[in-house]
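Colleague: Here it is: the structure, laid out below.
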Amino acid sequence: MPPDEIRKEIELTVVELLKARLSDGTMTEDRSKVISKIVLDLIQPGMNITDLYKSIMQLDDSCPELSPIVLPFAKQYEEMITQKATGRVQEYIRVGKYDAAINLAKRVASQEVELTQSTPS
């Protein structure tokens, strides 16, 4: 899925969550405004896929209410990165490029690996 479609999906899901919380009284209008602003500030149109996923991971740092929205994307990101990186690390080890394998593993652990548009979703 292209980054802007992911962004739109998140924005829609956040709006639905906020509406539900406002209507059942579990959230104040002020809090919903704060959350809306944070989402719009962090997730911008035209972001590349890597920056988008990194921004998604930050949403629940200050808005724990968004954890149910963030967690599926965090899992998807981890699976994409882990799957691709594991294959590359194994290949590096197979051909004796141990330093490259270690460096890639460290970059994956610190989320410094760039995703490409062709990464499976």
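By convention here, the chains of the structure tokens are called A, B, ... in the order presented, each chain's residues are numbered starting at 1, and ligands are numbered starting at 1 in the order presented.
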Name all residues at most 9 Å from range 9-15 of chain A (count only C-alpha atoms; drop same-chain ones fewer than 2 positions away) and give them as a PyMOL selection string.

Modeller: chain A and resi 4-7+17-20+35-36+39-40+43+56+66+69-70

Colleague: Name the closest residue to Thr50 in chain A among the candidates A:Glu78, A:Ala105, A:Tyr98, A:Val89; distances are taken between atoms, counting only C-alpha atoms.

Modeller: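 So, comparing all the options, the nearest one is A:Glu78.
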
Colleague: Which of these, A:Arg88, A:Ser32, A:Tyr53, A:Met1, has the shortest distance to Glu16 in chain A once you count only C-alpha atoms?

Modeller: A:Ser32

Colleague: Looking at only C-alpha atoms, which of A:Ala74, A:Ile102, A:Glu91, A:Arg21 is the one that sits closest to Leu52 in chain A?

Modeller: A:Ala74

Colleague: Please determine, counting only C-alpha atoms, which residue among A:Ile38, A:Met47, A:Met57, A:Ile81 has the shortest atom-to-atom distance to Leu104 in chain A.

Modeller: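 Distance minimum relative to Leu104 in chain A lands on A:Ile81.
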
Colleague: Considering only C-alpha atoms, can you say which of A:Arg31, A:Gln90, A:Arg107, A:Thr82 comes closest to Cys63 in chain A?

Modeller: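 Nearest candidate to Cys63 in chain A out of A:Arg31, A:Gln90, A:Arg107, A:Thr82: A:Arg31.
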
Colleague: According to DSSP computed on the backbone, where in chain A is there alpha helix (DSSP H)? Give the residues as an MDAnalysis selection string.

Modeller: chainID A and resid 3:23 29:42 49:62 67:94 98:109
